[in-house]
file entry.cif (mmCIF, C-alpha atoms)
data_model
loop_
_atom_site.label_atom_id
_atom_site.label_comp_id
_atom_site.auth_asym_id
_atom_site.auth_seq_id
_atom_site.Cartn_x
_atom_site.Cartn_y
_atom_site.Cartn_z
CA MET G 1 -3.75 9.85 21.78
CA LYS G 2 -5.52 13.00 22.86
CA PHE G 3 -9.06 12.70 24.14
CA PRO G 4 -11.95 12.99 23.36
CA TYR G 5 -10.89 11.06 20.27
CA ARG G 6 -12.28 7.54 20.05
CA ARG G 7 -9.90 4.59 19.73
CA VAL G 8 -9.59 2.99 16.29
CA VAL G 9 -8.72 -0.67 15.86
CA VAL G 10 -8.12 -3.08 13.00
CA THR G 11 -10.61 -5.93 12.66
CA GLY G 12 -10.14 -7.18 9.10
CA LEU G 13 -7.46 -7.54 6.42
CA GLY G 14 -7.56 -8.51 2.75
CA ALA G 15 -4.77 -8.81 0.19
CA LEU G 16 -4.13 -9.62 -3.46
CA THR G 17 -0.38 -9.22 -3.95
CA PRO G 18 2.45 -10.33 -6.25
CA ILE G 19 3.58 -12.79 -3.56
CA GLY G 20 0.22 -14.12 -2.37
CA ASN G 21 -3.49 -13.86 -3.15
CA THR G 22 -4.69 -13.86 0.47
CA VAL G 23 -3.33 -12.26 3.64
CA PRO G 24 -1.87 -15.56 4.96
CA GLU G 25 -0.17 -16.22 1.60
CA TYR G 26 1.14 -12.67 1.46
CA TRP G 27 2.54 -12.82 5.00
CA ASP G 28 4.16 -16.19 4.30
CA GLY G 29 5.83 -14.71 1.21
CA LEU G 30 7.07 -11.71 3.21
CA ILE G 31 8.68 -13.58 6.08
CA ASN G 32 10.28 -16.05 3.67
CA GLY G 33 11.77 -13.34 1.49
CA VAL G 34 9.98 -14.25 -1.74
CA SER G 35 10.46 -12.00 -4.77
CA GLY G 36 7.34 -11.27 -6.80
CA ALA G 37 9.24 -10.00 -9.85
CA ASP G 38 9.21 -11.82 -13.17
CA PHE G 39 8.90 -11.17 -16.88
CA ILE G 40 5.65 -9.42 -17.83
CA LYS G 41 2.77 -11.67 -18.92
CA GLN G 42 -0.01 -9.11 -19.50
CA PHE G 43 1.51 -7.71 -22.71
CA ASP G 44 4.54 -8.30 -24.90
CA PRO G 45 7.38 -6.24 -23.35
CA THR G 46 10.01 -7.12 -25.97
CA LEU G 47 10.57 -3.57 -27.19
CA PHE G 48 10.49 -1.94 -23.76
CA LYS G 49 13.54 -0.98 -21.70
CA THR G 50 12.04 -2.80 -18.72
CA LYS G 51 10.55 -6.21 -19.46
CA PHE G 52 9.53 -7.30 -15.96
CA ALA G 53 7.22 -6.34 -13.11
CA CYS G 54 5.62 -7.72 -9.97
CA GLU G 55 2.35 -9.09 -11.35
CA LEU G 56 -0.26 -11.19 -9.56
CA LYS G 57 0.28 -14.94 -9.92
CA ASN G 58 -2.37 -17.59 -10.63
CA PHE G 59 -5.06 -14.94 -10.51
CA ASP G 60 -8.31 -15.05 -12.45
CA PRO G 61 -10.98 -12.52 -11.44
CA LEU G 62 -13.67 -14.95 -12.58
CA ASP G 63 -12.71 -17.16 -9.64
CA TYR G 64 -14.18 -14.40 -7.47
CA ILE G 65 -16.61 -12.38 -9.62
CA ASP G 66 -19.11 -13.59 -12.21
CA ARG G 67 -18.33 -12.74 -15.82
CA LYS G 68 -21.13 -10.22 -16.27
CA GLU G 69 -20.07 -8.22 -13.22
CA ALA G 70 -16.37 -8.47 -14.02
CA ARG G 71 -16.94 -6.82 -17.41
CA LYS G 72 -18.17 -3.69 -15.62
CA LEU G 73 -14.96 -3.36 -13.62
CA ASP G 74 -11.48 -2.23 -14.58
CA ARG G 75 -8.79 -4.49 -13.16
CA PHE G 76 -8.00 -2.01 -10.36
CA SER G 77 -11.65 -2.19 -9.21
CA GLN G 78 -11.67 -5.97 -9.46
CA LEU G 79 -8.67 -6.06 -7.13
CA ALA G 80 -10.41 -3.64 -4.77
CA VAL G 81 -13.64 -5.61 -4.56
CA ILE G 82 -11.88 -8.96 -4.13
CA SER G 83 -9.43 -7.82 -1.45
CA ALA G 84 -12.19 -5.95 0.39
CA ASP G 85 -14.26 -9.13 0.50
CA GLU G 86 -11.52 -10.96 2.40
CA ALA G 87 -11.28 -8.12 4.92
CA VAL G 88 -15.06 -7.76 5.36
CA LYS G 89 -15.42 -11.50 5.95
CA GLN G 90 -12.61 -11.58 8.52
CA ALA G 91 -14.18 -8.65 10.36
CA ASN G 92 -17.69 -10.13 9.96
CA LEU G 93 -18.72 -6.64 8.92
CA ASP G 94 -21.60 -7.88 6.78
CA ALA G 95 -23.33 -9.45 9.77
CA GLU G 96 -27.01 -8.82 10.47
CA GLY G 97 -27.90 -6.03 12.86
CA LEU G 98 -25.10 -3.58 12.06
CA ASN G 99 -26.05 0.01 11.31
CA LYS G 100 -24.76 0.27 7.75
CA ASP G 101 -25.49 4.00 7.68
CA ARG G 102 -22.39 4.27 9.87
CA ILE G 103 -20.11 1.96 7.88
CA GLY G 104 -18.16 3.64 5.08
CA VAL G 105 -15.64 2.95 2.33
CA ILE G 106 -12.63 5.13 1.62
CA TRP G 107 -10.50 3.66 -1.18
CA ALA G 108 -7.40 4.83 -3.01
CA SER G 109 -5.69 4.49 -6.34
CA GLY G 110 -2.95 6.60 -7.79
CA ILE G 111 -3.99 6.16 -11.43
CA GLY G 112 -7.22 4.16 -11.59
CA GLY G 113 -8.59 2.61 -14.77
CA MET G 114 -5.56 2.81 -17.04
CA ILE G 115 -6.25 -0.58 -18.64
CA THR G 116 -9.76 0.52 -19.59
CA PHE G 117 -8.52 3.79 -21.05
CA ILE G 118 -5.85 2.09 -23.16
CA GLN G 119 -8.27 -0.51 -24.51
CA GLU G 120 -10.90 2.06 -25.43
CA MET G 121 -8.33 4.15 -27.30
CA LYS G 122 -7.05 1.06 -29.13
CA ASP G 123 -10.59 0.13 -30.15
CA PHE G 124 -11.35 3.67 -31.31
CA ASN G 125 -8.15 4.00 -33.34
CA SER G 126 -8.68 0.63 -35.01
CA GLY G 127 -12.08 1.70 -36.36
CA ASP G 128 -13.22 4.12 -39.04
CA GLY G 129 -13.31 7.12 -36.72
CA THR G 130 -16.94 6.66 -35.71
CA PRO G 131 -17.11 7.19 -31.95
CA ARG G 132 -18.14 3.81 -30.58
CA PHE G 133 -17.37 3.60 -26.89
CA ASN G 134 -18.30 1.10 -24.22
CA PRO G 135 -21.11 2.53 -22.05
CA PHE G 136 -19.06 1.43 -19.01
CA PHE G 137 -15.96 3.33 -20.21
CA ILE G 138 -16.25 6.28 -17.83
CA PRO G 139 -17.62 4.34 -14.83
CA LYS G 140 -14.76 1.84 -15.20
CA LEU G 141 -12.16 4.57 -15.49
CA ILE G 142 -12.82 6.89 -12.55
CA LEU G 143 -10.91 6.34 -9.32
CA ASP G 144 -13.85 6.63 -6.93
CA ILE G 145 -15.74 3.79 -8.60
CA ALA G 146 -13.91 1.15 -6.54
CA SER G 147 -15.28 2.52 -3.27
CA GLY G 148 -18.68 2.76 -4.92
CA HIS G 149 -18.67 -0.91 -5.92
CA ILE G 150 -17.58 -2.02 -2.45
CA SER G 151 -20.33 0.01 -0.81
CA MET G 152 -22.99 -1.33 -3.18
CA LYS G 153 -21.94 -4.93 -2.60
CA TYR G 154 -22.49 -4.70 1.16
CA GLY G 155 -24.91 -1.80 1.48
CA PHE G 156 -22.44 0.38 3.37
CA ARG G 157 -24.00 3.85 3.36
CA GLY G 158 -21.47 5.79 5.43
CA PRO G 159 -18.72 8.13 4.15
CA ASN G 160 -17.64 7.07 0.67
CA PHE G 161 -14.92 8.59 -1.50
CA ALA G 162 -11.47 8.12 -3.02
CA THR G 163 -8.12 9.63 -2.12
CA VAL G 164 -5.40 10.46 -4.64
CA SER G 165 -1.87 11.48 -3.68
CA ALA G 166 0.26 9.36 -6.01
CA CYS G 167 2.15 6.70 -4.05
CA ALA G 168 0.85 8.04 -0.72
CA SER G 169 -2.79 7.57 -1.80
CA SER G 170 -3.80 4.58 0.29
CA THR G 171 -2.01 5.83 3.39
CA ASN G 172 -4.05 9.02 3.00
CA ALA G 173 -7.16 6.81 2.71
CA LEU G 174 -6.21 5.13 5.99
CA ILE G 175 -5.69 8.48 7.68
CA ASP G 176 -9.04 9.80 6.45
CA ALA G 177 -10.82 6.64 7.61
CA PHE G 178 -9.02 6.87 10.97
CA THR G 179 -10.10 10.49 11.36
CA TYR G 180 -13.75 9.92 10.45
CA ILE G 181 -14.03 7.11 12.99
CA ARG G 182 -12.25 8.76 15.87
CA ILE G 183 -14.30 11.97 15.60
CA GLY G 184 -17.54 9.99 15.53
CA LYS G 185 -18.58 10.29 11.87
CA ALA G 186 -18.53 6.51 11.34
CA ASP G 187 -18.31 3.30 13.36
CA ALA G 188 -16.32 1.32 10.79
CA ILE G 189 -14.72 1.96 7.41
CA VAL G 190 -13.34 -0.38 4.78
CA THR G 191 -10.21 1.30 3.48
CA GLY G 192 -7.16 0.50 1.38
CA GLY G 193 -6.00 0.82 -2.17
CA SER G 194 -5.49 -0.94 -5.48
CA GLU G 195 -3.48 -0.38 -8.63
CA ALA G 196 -3.30 -2.15 -11.99
CA VAL G 197 -0.97 -0.32 -14.35
CA VAL G 198 1.33 -3.07 -15.61
CA THR G 199 0.54 -1.92 -19.13
CA GLU G 200 2.36 -0.57 -22.16
CA ALA G 201 1.66 2.98 -20.97
CA GLY G 202 2.59 2.24 -17.37
CA ILE G 203 5.93 0.63 -18.16
CA GLY G 204 6.67 3.00 -21.03
CA GLY G 205 5.80 6.10 -19.04
CA PHE G 206 7.94 5.21 -16.05
CA ASN G 207 10.76 4.13 -18.37
CA ALA G 208 10.64 7.56 -19.99
CA MET G 209 11.13 9.08 -16.53
CA LYS G 210 14.04 6.69 -15.89
CA ALA G 211 12.26 5.61 -12.72
CA LEU G 212 12.22 1.83 -13.31
CA SER G 213 14.96 -0.72 -12.88
CA GLU G 214 16.19 -2.10 -16.20
CA ARG G 215 17.82 -5.20 -14.72
CA ASN G 216 16.32 -7.52 -17.34
CA ASP G 217 19.06 -10.11 -16.83
CA ASP G 218 17.89 -10.77 -13.26
CA PRO G 219 14.35 -9.52 -12.55
CA LYS G 220 13.93 -11.25 -9.22
CA THR G 221 16.76 -9.24 -7.68
CA ALA G 222 15.97 -5.98 -9.48
CA SER G 223 14.27 -4.30 -6.50
CA ARG G 224 17.32 -3.52 -4.35
CA PRO G 225 16.50 -0.94 -1.68
CA PHE G 226 19.63 0.54 -0.07
CA ASP G 227 21.98 -1.43 -2.33
CA LEU G 228 24.82 0.48 -3.99
CA ASP G 229 23.74 -0.74 -7.44
CA ARG G 230 20.02 0.02 -7.14
CA ASP G 231 18.73 1.44 -10.42
CA GLY G 232 15.04 2.18 -9.90
CA PHE G 233 11.83 0.60 -8.67
CA VAL G 234 9.95 -2.43 -9.95
CA LEU G 235 6.33 -1.77 -10.87
CA GLY G 236 3.79 -3.88 -8.97
CA GLU G 237 0.05 -4.45 -8.96
CA GLY G 238 -2.48 -5.57 -6.39
CA GLY G 239 -5.18 -4.59 -3.95
CA CYS G 240 -5.19 -4.52 -0.14
CA ALA G 241 -8.01 -3.74 2.28
CA ILE G 242 -8.16 -2.91 5.97
CA VAL G 243 -11.26 -2.71 8.15
CA LEU G 244 -10.88 0.06 10.71
CA GLU G 245 -13.41 0.18 13.51
CA GLU G 246 -14.19 2.15 16.63
CA TYR G 247 -12.97 0.16 19.62
CA GLU G 248 -16.20 0.06 21.65
CA HIS G 249 -18.19 -0.86 18.53
CA ALA G 250 -15.81 -3.73 17.79
CA LYS G 251 -15.80 -4.89 21.40
CA LYS G 252 -19.57 -4.83 21.68
CA ARG G 253 -20.06 -7.10 18.70
CA GLY G 254 -17.24 -9.47 19.70
CA ALA G 255 -14.93 -8.70 16.78
CA THR G 256 -11.36 -9.99 16.89
CA ILE G 257 -9.04 -7.00 17.24
CA LEU G 258 -5.76 -7.38 15.35
CA ALA G 259 -3.99 -4.11 16.17
CA GLU G 260 -4.66 -0.47 16.94
CA LEU G 261 -4.13 2.50 14.63
CA VAL G 262 -2.94 5.32 16.85
CA GLY G 263 -1.65 8.09 14.61
CA GLY G 264 -1.25 9.50 11.15
CA GLY G 265 0.84 12.27 9.70
CA MET G 266 0.93 14.15 6.39
CA SER G 267 3.31 16.65 4.83
CA ALA G 268 4.58 18.03 1.54
CA ASP G 269 8.16 18.32 0.33
CA ALA G 270 7.32 21.45 -1.71
CA HIS G 271 10.57 20.74 -3.51
CA HIS G 272 10.46 18.89 -6.85
CA LEU G 273 8.07 17.12 -9.21
CA THR G 274 9.54 13.64 -8.63
CA ALA G 275 12.68 13.89 -6.49
CA PRO G 276 12.58 13.91 -2.67
CA HIS G 277 13.97 16.76 -0.64
CA PRO G 278 17.69 15.88 -0.41
CA GLU G 279 17.78 16.29 3.36
CA GLY G 280 14.53 14.39 3.85
CA LEU G 281 12.64 17.46 5.07
CA GLY G 282 9.22 16.10 4.09
CA VAL G 283 10.11 12.74 5.65
CA ILE G 284 11.10 14.46 8.88
CA ASN G 285 7.88 16.44 9.06
CA VAL G 286 5.55 13.57 8.23
CA MET G 287 7.00 11.24 10.88
CA LYS G 288 7.03 14.01 13.49
CA ASN G 289 3.39 14.70 12.66
CA ALA G 290 2.46 11.02 13.00
CA LEU G 291 4.26 10.69 16.34
CA GLU G 292 2.64 13.84 17.68
CA ASP G 293 -0.78 12.64 16.53
CA ALA G 294 -0.22 9.33 18.34
CA ASP G 295 1.18 11.11 21.43
CA MET G 296 4.25 8.91 21.14
CA LYS G 297 8.01 9.37 21.25
CA PRO G 298 10.50 8.01 18.72
CA GLU G 299 11.68 5.53 21.38
CA ASP G 300 8.22 3.93 21.35
CA ILE G 301 8.71 2.69 17.77
CA ASP G 302 10.37 -0.68 17.16
CA TYR G 303 9.87 -1.11 13.41
CA ILE G 304 9.73 1.21 10.41
CA ASN G 305 8.34 -0.08 7.13
CA VAL G 306 10.02 2.43 4.87
CA HIS G 307 8.93 3.71 1.47
CA GLY G 308 12.25 2.30 0.23
CA THR G 309 11.58 2.15 -3.50
CA SER G 310 15.12 1.24 -4.62
CA THR G 311 15.86 4.60 -6.22
CA PRO G 312 19.26 6.25 -5.81
CA LEU G 313 17.95 9.49 -4.26
CA GLY G 314 14.87 8.32 -2.39
CA ASP G 315 16.43 5.62 -0.22
CA VAL G 316 19.17 7.92 1.12
CA ALA G 317 16.79 10.84 1.75
CA GLU G 318 14.42 8.65 3.75
CA LEU G 319 17.18 7.33 6.00
CA LYS G 320 18.44 10.88 6.57
CA GLY G 321 14.95 11.83 7.65
CA ILE G 322 14.68 8.85 9.98
CA GLN G 323 17.99 9.68 11.63
CA ALA G 324 16.94 13.29 12.09
CA VAL G 325 13.70 12.29 13.83
CA PHE G 326 14.86 9.26 15.79
CA GLY G 327 18.41 10.30 16.71
CA ASP G 328 20.46 7.42 18.07
CA HIS G 329 17.29 5.33 18.41
CA ALA G 330 17.31 5.12 14.60
CA PHE G 331 19.99 2.45 15.00
CA ASN G 332 17.91 0.46 17.51
CA VAL G 333 14.77 0.09 15.39
CA ASN G 334 14.34 -2.49 12.67
CA ILE G 335 13.90 -0.96 9.23
CA SER G 336 12.84 -2.84 6.12
CA SER G 337 11.51 -2.25 2.64
CA THR G 338 8.95 -4.86 1.65
CA LYS G 339 8.99 -3.37 -1.86
CA SER G 340 12.09 -5.50 -2.33
CA MET G 341 9.58 -8.38 -2.55
CA THR G 342 6.29 -6.90 -3.77
CA GLY G 343 7.54 -4.16 -6.05
CA HIS G 344 5.91 -0.76 -5.94
CA LEU G 345 2.09 -0.76 -6.00
CA LEU G 346 1.96 3.02 -6.44
CA GLY G 347 -1.43 4.10 -5.02
CA GLY G 348 -1.78 0.70 -3.35
CA ALA G 349 1.63 0.87 -1.64
CA GLY G 350 0.36 2.33 1.62
CA ALA G 351 -2.22 -0.42 2.09
CA ILE G 352 0.02 -3.37 1.27
CA GLU G 353 2.72 -1.99 3.55
CA ALA G 354 0.27 -1.16 6.33
CA ILE G 355 -0.76 -4.82 6.34
CA ALA G 356 2.91 -5.83 6.54
CA SER G 357 3.28 -3.49 9.53
CA ILE G 358 0.13 -4.79 11.23
CA LYS G 359 1.21 -8.41 10.81
CA ALA G 360 4.69 -7.56 12.08
CA VAL G 361 3.16 -6.07 15.24
CA MET G 362 0.83 -9.05 15.65
CA HIS G 363 3.46 -11.76 15.23
CA GLY G 364 6.64 -10.09 16.45
CA ILE G 365 8.43 -10.68 13.16
CA VAL G 366 10.10 -8.04 10.98
CA PRO G 367 9.91 -8.85 7.25
CA PRO G 368 13.28 -8.59 5.53
CA THR G 369 14.77 -6.34 2.89
CA ILE G 370 15.91 -8.81 0.26
CA ASN G 371 18.31 -8.39 -2.67
CA HIS G 372 21.13 -6.66 -0.82
CA PHE G 373 24.53 -7.33 -2.33
CA THR G 374 26.76 -4.27 -1.95
CA ASP G 375 26.81 -1.69 0.84
CA ASP G 376 26.26 1.92 -0.16
CA PRO G 377 28.86 4.17 1.52
CA ALA G 378 26.25 6.95 1.59
CA ILE G 379 24.19 4.87 4.06
CA ASP G 380 25.25 4.66 7.70
CA SER G 381 26.19 1.05 8.47
CA ARG G 382 24.64 1.34 11.95
CA PHE G 383 21.11 1.13 10.53
CA ASN G 384 19.47 -2.27 10.99
CA LEU G 385 17.93 -2.63 7.52
CA THR G 386 16.88 -6.24 8.20
CA PHE G 387 18.76 -7.59 5.22
CA HIS G 388 18.17 -11.06 3.80
CA LYS G 389 16.11 -12.71 6.56
CA ALA G 390 13.14 -11.87 8.78
CA GLN G 391 14.00 -11.05 12.39
CA GLU G 392 12.00 -11.88 15.50
CA ARG G 393 11.39 -8.96 17.80
CA ASN G 394 8.78 -7.71 20.23
CA ILE G 395 7.21 -4.88 18.24
CA ARG G 396 5.26 -2.50 20.42
CA ALA G 397 4.56 -0.13 17.55
CA ALA G 398 5.41 0.23 13.87
CA ILE G 399 5.39 3.20 11.54
CA SER G 400 4.70 2.86 7.81
CA ASN G 401 5.95 5.56 5.42
CA THR G 402 4.73 6.39 1.91
CA PHE G 403 5.80 9.21 -0.37
CA GLY G 404 4.40 10.23 -3.76
CA PHE G 405 5.37 12.20 -6.85
CA GLY G 406 4.52 15.82 -6.24
CA GLY G 407 6.05 15.66 -2.77
CA HIS G 408 3.09 14.03 -1.01
CA ASN G 409 4.05 12.27 2.25
CA ALA G 410 1.92 10.18 4.61
CA SER G 411 2.76 7.99 7.60
CA VAL G 412 0.66 5.83 9.93
CA ILE G 413 1.47 4.19 13.26
CA PHE G 414 0.08 0.84 14.38
CA LYS G 415 0.65 -0.59 17.82
CA LYS G 416 0.03 -3.85 19.59
CA PHE G 417 -3.54 -3.90 20.87
CA GLU G 418 -4.10 -3.73 24.62
CA GLU G 419 -7.44 -3.42 26.41
#
call {"tool": "encode", "arguments": {"input": "entry.cif", "output": "structure tokens"}}
result
Amino acid sequence: MKFPYRRVVVTGLGALTPIGNTVPEYWDGLINGVSGADFIKQFDPTLFKTKFACELKNFDPLDYIDRKEARKLDRFSQLAVISADEAVKQANLDAEGLNKDRIGVIWASGIGGMITFIQEMKDFNSGDGTPRFNPFFIPKLILDIASGHISMKYGFRGPNFATVSACASSTNALIDAFTYIRIGKADAIVTGGSEAVVTEAGIGGFNAMKALSERNDDPKTASRPFDLDRDGFVLGEGGCAIVLEEYEHAKKRGATILAELVGGGMSADAHHLTAPHPEGLGVINVMKNALEDADMKPEDIDYINVHGTSTPLGDVAELKGIQAVFGDHAFNVNISSTKSMTGHLLGGAGAIEAIASIKAVMHGIVPPTINHFTDDPAIDSRFNLTFHKAQERNIRAAISNTFGFGGHNASVIFKKFEE
């Protein structure tokens, strides 16, 4: 990393995911190859082309938030507040004596309060046309409200805003938080993302785009990154939080340092509304940018947590991009798509996958890509796509890729922490 930038480390993690409602549960699900997909419980999907998703399990927001407060929050904000609490507690960021003017919140969501919007429209259309709306309608709906609620809960008065770049949103939030800390604008930032769009509109809208898997006969194996018979992604929901902190600040207060964030890259495909550039041009640029930002070479990377959504075009384009950047080293790194287990959290994808990358670096274990049955001849067999089972490996550094509709690309690099 180029000086005079300050070092940025990870001191807290929080997760609400389809395969675990805490970080330890989530990590256990990942390394054991657990699928979070099942038939939808939040609404009746009978008439929909896709009848399954990766929903949270055994989750009741009232176990975490009192009823009065919960009513003021859309589900995506509930997931944000709850996952942030786990991260803040692990980092001990609410301790006495910290300068909260220099602690911020940068949160992401791709869509925001969709559940609130749908319910308000249902209520309005079921009435006599008189405009009766919940006074919390707009505050529950807007994307930046999650970061606002987190800041108010802890009194964090530093930089506070939301990032939106479709499925790259929470990686962009991480990069913004990283930048603010390393240039001295904040000492610590709670960052991450959440999404809650397992709704009639969410499933119906993505079905209309033909983006979702329709493997209703076998939901648990529907997310099949790199498999010949992949037929689209599986929609997921959840919230994941990461506390980023300036190294000297963390060291001074005795915080436990989990990993170091050393680089971030961004790019645009400038190609198509929803499809990736066929040669992976945006993928190439974003990973090159991240490596340059980290002052690292491709050979320094041991694991790539790919975007890997299980779409016919996207999976191949990403691997083409990786091969272009990494050359022959592309066949030495471990590659895996944890979306095979969690589904696609859209705006929350970057955060959930960043945590997977951080934990992989910490523990020297690469989470698997599950649900592989048939090789795709369009994919070079020399890639180590970590099929079926987790693999132990010394991981010096890991890169996490996320790409969004509109051609938005973002990548971050985490490495093993060393004094």
call {"tool": "resolve_selection", "arguments": {"input": "entry.cif", "expression": "the PyMOL selection byres ((chain G and resi 245) around 6)", "output": "list in words"}}
result
Val8, Val9, Asp187, Ala188, Leu244 and Glu246 of chain G
call {"tool": "closest_residue", "arguments": {"input": "entry.cif", "among": "G:Lys210, G:Arg102, G:His271, G:His388", "to": "G:Ile31", "atoms": "all atoms listed in the file"}}
result
G:His388
call {"tool": "atom_distance", "arguments": {"input": "entry.cif", "atom1": "atom CA of G:Ala259", "atom2": "atom CA of G:Glu418"}}
result
8.5 Å
call {"tool": "resolve_selection", "arguments": {"input": "entry.cif", "expression": "the PyMOL selection byres ((chain G and resi 198) around 9)", "output": "PDB file with C-alpha atoms, in the coordinates of the input"}}
result
ATOM      1  CA  ILE G  40       5.650  -9.420 -17.830  1.00  0.00           C
ATOM      2  CA  GLN G  42      -0.010  -9.110 -19.500  1.00  0.00           C
ATOM      3  CA  PHE G  43       1.510  -7.710 -22.710  1.00  0.00           C
ATOM      4  CA  ALA G  53       7.220  -6.340 -13.110  1.00  0.00           C
ATOM      5  CA  CYS G  54       5.620  -7.720  -9.970  1.00  0.00           C
ATOM      6  CA  GLU G  55       2.350  -9.090 -11.350  1.00  0.00           C
ATOM      7  CA  ILE G 115      -6.250  -0.580 -18.640  1.00  0.00           C
ATOM      8  CA  GLU G 195      -3.480  -0.380  -8.630  1.00  0.00           C
ATOM      9  CA  ALA G 196      -3.300  -2.150 -11.990  1.00  0.00           C
ATOM     10  CA  VAL G 197      -0.970  -0.320 -14.350  1.00  0.00           C
ATOM     11  CA  THR G 199       0.540  -1.920 -19.130  1.00  0.00           C
ATOM     12  CA  GLU G 200       2.360  -0.570 -22.160  1.00  0.00           C
ATOM     13  CA  ALA G 201       1.660   2.980 -20.970  1.00  0.00           C
ATOM     14  CA  GLY G 202       2.590   2.240 -17.370  1.00  0.00           C
ATOM     15  CA  ILE G 203       5.930   0.630 -18.160  1.00  0.00           C
ATOM     16  CA  LEU G 235       6.330  -1.770 -10.870  1.00  0.00           C
ATOM     17  CA  GLY G 236       3.790  -3.880  -8.970  1.00  0.00           C
ATOM     18  CA  GLU G 237       0.050  -4.450  -8.960  1.00  0.00           C
TER      19      GLU G 237
END
call {"tool": "closest_residue", "arguments": {"input": "entry.cif", "among": "G:Thr22, G:Asn371, G:Thr116, G:Ser411", "to": "G:Pro135", "atoms": "only C-alpha atoms"}}
result
G:Thr116
call {"tool": "closest_residue", "arguments": {"input": "entry.cif", "among": "G:Leu16, G:Val34, G:Ala168, G:Ile413", "to": "G:Lys389", "atoms": "only C-alpha atoms"}}
result
G:Val34
call {"tool": "closest_residue", "arguments": {"input": "entry.cif", "among": "G:Phe178, G:Tyr5, G:Phe233, G:Phe326", "to": "G:Asn207", "atoms": "all atoms listed in the file"}}
result
G:Phe233
call {"tool": "decode", "arguments": {"input": "entry.cif", "residues": "stretch 23-27 of chain G", "atoms": "all heavy atoms", "output": "PDB file, in the first residue's frame"}}
result
ATOM      1  N   VAL G  23     -22.094 -14.931  13.038  1.00  0.00           N
ATOM      2  CA  VAL G  23     -20.902 -15.217  12.243  1.00  0.00           C
ATOM      3  C   VAL G  23     -20.416 -16.653  12.451  1.00  0.00           C
ATOM      4  O   VAL G  23     -20.128 -17.353  11.465  1.00  0.00           O
ATOM      5  CB  VAL G  23     -19.787 -14.190  12.528  1.00  0.00           C
ATOM      6  CG1 VAL G  23     -18.476 -14.619  11.863  1.00  0.00           C
ATOM      7  CG2 VAL G  23     -20.195 -12.812  12.027  1.00  0.00           C
ATOM      8  N   PRO G  24     -20.321 -17.155  13.698  1.00  0.00           N
ATOM      9  CA  PRO G  24     -19.893 -18.552  13.859  1.00  0.00           C
ATOM     10  C   PRO G  24     -20.832 -19.548  13.166  1.00  0.00           C
ATOM     11  O   PRO G  24     -20.364 -20.514  12.545  1.00  0.00           O
ATOM     12  CB  PRO G  24     -19.895 -18.752  15.376  1.00  0.00           C
ATOM     13  CG  PRO G  24     -19.670 -17.391  15.937  1.00  0.00           C
ATOM     14  CD  PRO G  24     -20.414 -16.472  15.010  1.00  0.00           C
ATOM     15  N   GLU G  25     -22.141 -19.313  13.247  1.00  0.00           N
ATOM     16  CA  GLU G  25     -23.090 -20.207  12.580  1.00  0.00           C
ATOM     17  C   GLU G  25     -22.927 -20.136  11.064  1.00  0.00           C
ATOM     18  O   GLU G  25     -22.986 -21.162  10.367  1.00  0.00           O
ATOM     19  CB  GLU G  25     -24.522 -19.843  12.960  1.00  0.00           C
ATOM     20  CG  GLU G  25     -24.912 -20.186  14.386  1.00  0.00           C
ATOM     21  CD  GLU G  25     -26.323 -19.731  14.714  1.00  0.00           C
ATOM     22  OE1 GLU G  25     -27.030 -19.242  13.804  1.00  0.00           O
ATOM     23  OE2 GLU G  25     -26.727 -19.863  15.884  1.00  0.00           O
ATOM     24  N   TYR G  26     -22.760 -18.934  10.559  1.00  0.00           N
ATOM     25  CA  TYR G  26     -22.570 -18.737   9.121  1.00  0.00           C
ATOM     26  C   TYR G  26     -21.315 -19.452   8.641  1.00  0.00           C
ATOM     27  O   TYR G  26     -21.339 -20.194   7.641  1.00  0.00           O
ATOM     28  CB  TYR G  26     -22.508 -17.233   8.822  1.00  0.00           C
ATOM     29  CG  TYR G  26     -22.028 -16.859   7.445  1.00  0.00           C
ATOM     30  CD1 TYR G  26     -22.561 -17.457   6.305  1.00  0.00           C
ATOM     31  CD2 TYR G  26     -21.052 -15.873   7.274  1.00  0.00           C
ATOM     32  CE1 TYR G  26     -22.119 -17.091   5.034  1.00  0.00           C
ATOM     33  CE2 TYR G  26     -20.622 -15.499   6.008  1.00  0.00           C
ATOM     34  CZ  TYR G  26     -21.149 -16.115   4.890  1.00  0.00           C
ATOM     35  OH  TYR G  26     -20.712 -15.751   3.641  1.00  0.00           O
ATOM     36  N   TRP G  27     -20.207 -19.270   9.339  1.00  0.00           N
ATOM     37  CA  TRP G  27     -18.946 -19.903   8.944  1.00  0.00           C
ATOM     38  C   TRP G  27     -19.063 -21.425   9.004  1.00  0.00           C
ATOM     39  O   TRP G  27     -18.578 -22.130   8.102  1.00  0.00           O
ATOM     40  CB  TRP G  27     -17.814 -19.407   9.832  1.00  0.00           C
ATOM     41  CG  TRP G  27     -16.473 -20.016   9.537  1.00  0.00           C
ATOM     42  CD1 TRP G  27     -15.705 -20.763  10.372  1.00  0.00           C
ATOM     43  CD2 TRP G  27     -15.727 -19.915   8.307  1.00  0.00           C
ATOM     44  NE1 TRP G  27     -14.534 -21.129   9.754  1.00  0.00           N
ATOM     45  CE2 TRP G  27     -14.530 -20.630   8.486  1.00  0.00           C
ATOM     46  CE3 TRP G  27     -15.975 -19.285   7.083  1.00  0.00           C
ATOM     47  CZ2 TRP G  27     -13.563 -20.739   7.480  1.00  0.00           C
ATOM     48  CZ3 TRP G  27     -15.021 -19.412   6.073  1.00  0.00           C
ATOM     49  CH2 TRP G  27     -13.830 -20.126   6.279  1.00  0.00           C
TER      50      TRP G  27
END
